[in-house]
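Asker: Handing you this structure, nothing more for now.
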There are 2 protein chains.
Amino acid sequence: MEEDVRSVWMSLRYGLLGLLAEGPASGYDLARRFEQMLGSVWPAQQPKIYAELNRLAAEGLIEVESEGPRRRKAYRITEEGLRAIREWLTSGEVDHTLRSQSLLRSAFFWLMEPQELRRHLETEAAFFAQEAARYRGFAEAKDRGEFGDGPQTRSLRIAAEAGHRLYQALADWAEWAQSAAAQER
Amino acid sequence: MEEDVRSVWMSLRYGLLGLLAEGPASGYDLARRFEQMLGSVWPAQQPKIYAELNRLAAEGLIEVESEGPRRRKAYRITEEGLRAIREWLTSGEVDHTLRSQSLLRSAFFWLMEPQELRRHLETEAAFFAQEAARYRGFAEAKDRGEFGDGPQTRSLRIAAEAGHRLYQALADWAEWAQSAAAQER
DNA sequence: TTGGAACATGTACCTAGGTACATGTGAAGA
DNA sequence: TCTTCACATGTACCTAGGTACATGTTCCAA
């Protein structure tokens, strides 16, 4: 009975397990849900999702629930799978690694021409504002009761709040940076 | 003269190039500066830094400036290297991919026991607040004039503001999430 | 009836970054 | 003098994720 000592991360794996904890779904479903819900904090490619599902099934953390048209296979999480994600959520160390090329670039703004920088910051501000709006939209829809009131939607509401605040902060920053950079002239 | 069509990203490469644009430095210096300045938005391991420096030198984007004691090699950016990073900064598409395991986890909070969740959010809030303080500290030191007033420090000031706002937003969110989750009872 | 779009699942290969470990050097203090 | 620590540079291997491409299916609308 050797323990599978795969370390801390493996977020794609636990992302899929978490989504499947809500109910059965196919790889295709999961790819879309991942993209919509988690896309901007955790990108996942379709091919990788299918591969991981097969691995999870082989390990008994999920199982095929039904087979539908077009070779569709829906998976269901097993007891063992539920244990695994709960274990990850509670005892797993949080990996705080964050990568933002946007912020990395900001350390090198001094290498850019003023008008290029202005253009860049405008584009960035627009992008961040758009993402912020997307999450705010979800949060408001939830608050209007559009998605019912299960525990899952309440979690999603909390996640959406994070997305909203995060991107709003970045949008505000990009605005602020424009005036900060303008004073350099 | 074949163009090197390496795509958009390669941030480690441009991070190093950007730091070297400020002045000559050794791999060891760069590893520390990377860690201090950019560590939480772009982690970089020492071995990878040395490897990338060798590659950059082979491509003529940087060159050895001096050799010191203990096998120390300091690199200097070349004209071509400067062109390369400016090109990346202005014409390169920004990769907005962001990965936050913290936020990914938040979509699955409903799977956690209330007291576990409370503990988790407290730890998270503390971590985010600490990072926010770190960046705020740098920003304030710069505003007091502790780092002089070159174009580079002004850029760093802007980057620090981003780090501060980002982590402050996350810290506030973690606080907010605690009360949001508490109402579930 | 036919053609396109969305559904659905993969294989194969590539790249970037992460981790473990090895090795040597010079300075400073016990 | 000896040890320890920070300085300094790497090699080798692993893993996770990214990209390109292949393939078959059902439905719907022109």
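Letters A, B, ... go to the chains of the structure tokens in the order shown; residues in each chain start at 1; ligands are counted from 1 in the same order.
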Identify all chain C residues at most 10 Å from chain A by counting only C-alpha atoms (C1' of nucleotides); ligands do not count. Present them as a PyMOL selection string.
Answerer: chain C and resi 7-11
Asker: Within 12 Å of chain B, which residues of chain D are there when counting only C-alpha atoms (C1' of nucleotides)? Please give them as a list in words.
Answerer: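 For chain D, the answer reads DA6, DC7, DA8, DT9, DG10, DT11, DA12, DG17, DG18 and DT19 of chain D.
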Asker: Kindly determine which residues of chain A lie within 7 Å of chain B, considering only C-alpha atoms, and give the answer as a PyMOL selection string.
Answerer: chain A and resi 18+38+40-42+86+90+94-104+106-112+116+151-152+155-156+158-159+162+165-166+169-170+173+177
Asker: With DSSP run on the backbone, what are the strand (DSSP E or B) residues within chain B? I'd like them as a PyMOL selection string.
Answerer: chain B and resi 25-26+62-67+73-77
Asker: Could the residues in this selection be saved with N, CA and C atoms as a PDB file, in the first residue's frame?
Answerer:
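Output file part.pdb follows:
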ATOM      1  N   ALA B  25      25.658  42.537 -13.467  1.00  0.00           N
ATOM      2  CA  ALA B  25      25.419  41.740 -12.271  1.00  0.00           C
ATOM      3  C   ALA B  25      25.787  40.297 -12.547  1.00  0.00           C
ATOM      4  N   SER B  26      26.042  39.541 -11.487  1.00  0.00           N
ATOM      5  CA  SER B  26      26.334  38.116 -11.630  1.00  0.00           C
ATOM      6  C   SER B  26      25.048  37.318 -11.447  1.00  0.00           C
ATOM      7  N   ILE B  62      23.664  39.168 -23.918  1.00  0.00           N
ATOM      8  CA  ILE B  62      24.460  39.659 -22.800  1.00  0.00           C
ATOM      9  C   ILE B  62      25.900  39.186 -23.016  1.00  0.00           C
ATOM     10  N   GLU B  63      26.828  39.795 -22.260  1.00  0.00           N
ATOM     11  CA  GLU B  63      28.222  39.358 -22.379  1.00  0.00           C
ATOM     12  C   GLU B  63      28.887  39.472 -21.014  1.00  0.00           C
ATOM     13  N   VAL B  64      29.980  38.714 -20.848  1.00  0.00           N
ATOM     14  CA  VAL B  64      30.695  38.758 -19.581  1.00  0.00           C
ATOM     15  C   VAL B  64      31.383  40.104 -19.437  1.00  0.00           C
ATOM     16  N   GLU B  65      31.099  40.788 -18.343  1.00  0.00           N
ATOM     17  CA  GLU B  65      31.678  42.112 -18.123  1.00  0.00           C
ATOM     18  C   GLU B  65      32.982  42.001 -17.366  1.00  0.00           C
ATOM     19  N   SER B  66      32.981  41.076 -16.369  1.00  0.00           N
ATOM     20  CA  SER B  66      34.192  40.920 -15.568  1.00  0.00           C
ATOM     21  C   SER B  66      34.145  39.584 -14.852  1.00  0.00           C
ATOM     22  N   GLU B  67      35.324  39.106 -14.474  1.00  0.00           N
ATOM     23  CA  GLU B  67      35.367  37.888 -13.684  1.00  0.00           C
ATOM     24  C   GLU B  67      36.028  38.230 -12.361  1.00  0.00           C
ATOM     25  N   LYS B  73      31.214  35.591 -12.265  1.00  0.00           N
ATOM     26  CA  LYS B  73      31.146  36.219 -13.577  1.00  0.00           C
ATOM     27  C   LYS B  73      30.044  37.258 -13.556  1.00  0.00           C
ATOM     28  N   ALA B  74      30.387  38.496 -13.885  1.00  0.00           N
ATOM     29  CA  ALA B  74      29.348  39.528 -13.979  1.00  0.00           C
ATOM     30  C   ALA B  74      29.001  39.718 -15.439  1.00  0.00           C
ATOM     31  N   TYR B  75      27.738  39.824 -15.725  1.00  0.00           N
ATOM     32  CA  TYR B  75      27.289  40.013 -17.107  1.00  0.00           C
ATOM     33  C   TYR B  75      26.827  41.443 -17.329  1.00  0.00           C
ATOM     34  N   ARG B  76      26.939  41.845 -18.594  1.00  0.00           N
ATOM     35  CA  ARG B  76      26.464  43.162 -19.008  1.00  0.00           C
ATOM     36  C   ARG B  76      25.531  42.944 -20.193  1.00  0.00           C
ATOM     37  N   ILE B  77      24.478  43.725 -20.288  1.00  0.00           N
ATOM     38  CA  ILE B  77      23.562  43.591 -21.415  1.00  0.00           C
ATOM     39  C   ILE B  77      24.188  44.226 -22.653  1.00  0.00           C
TER      40      ILE B  77
END
Asker: Mind pulling up the distance from atom CA of Arg33 of chain B to atom CA of Arg144 of chain B?
Answerer: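 For atom CA of Arg144 of chain B relative to atom CA of Arg33 of chain B, the distance reads 21.0 Å.
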Asker: Kindly indicate which residue among A:Ala182, A:Leu56, A:Phe34, A:Ala44 lies nearest to DA16 of chain D, using only C-alpha atoms (C1' of nucleotides) for the distances.
Answerer: A:Ala44
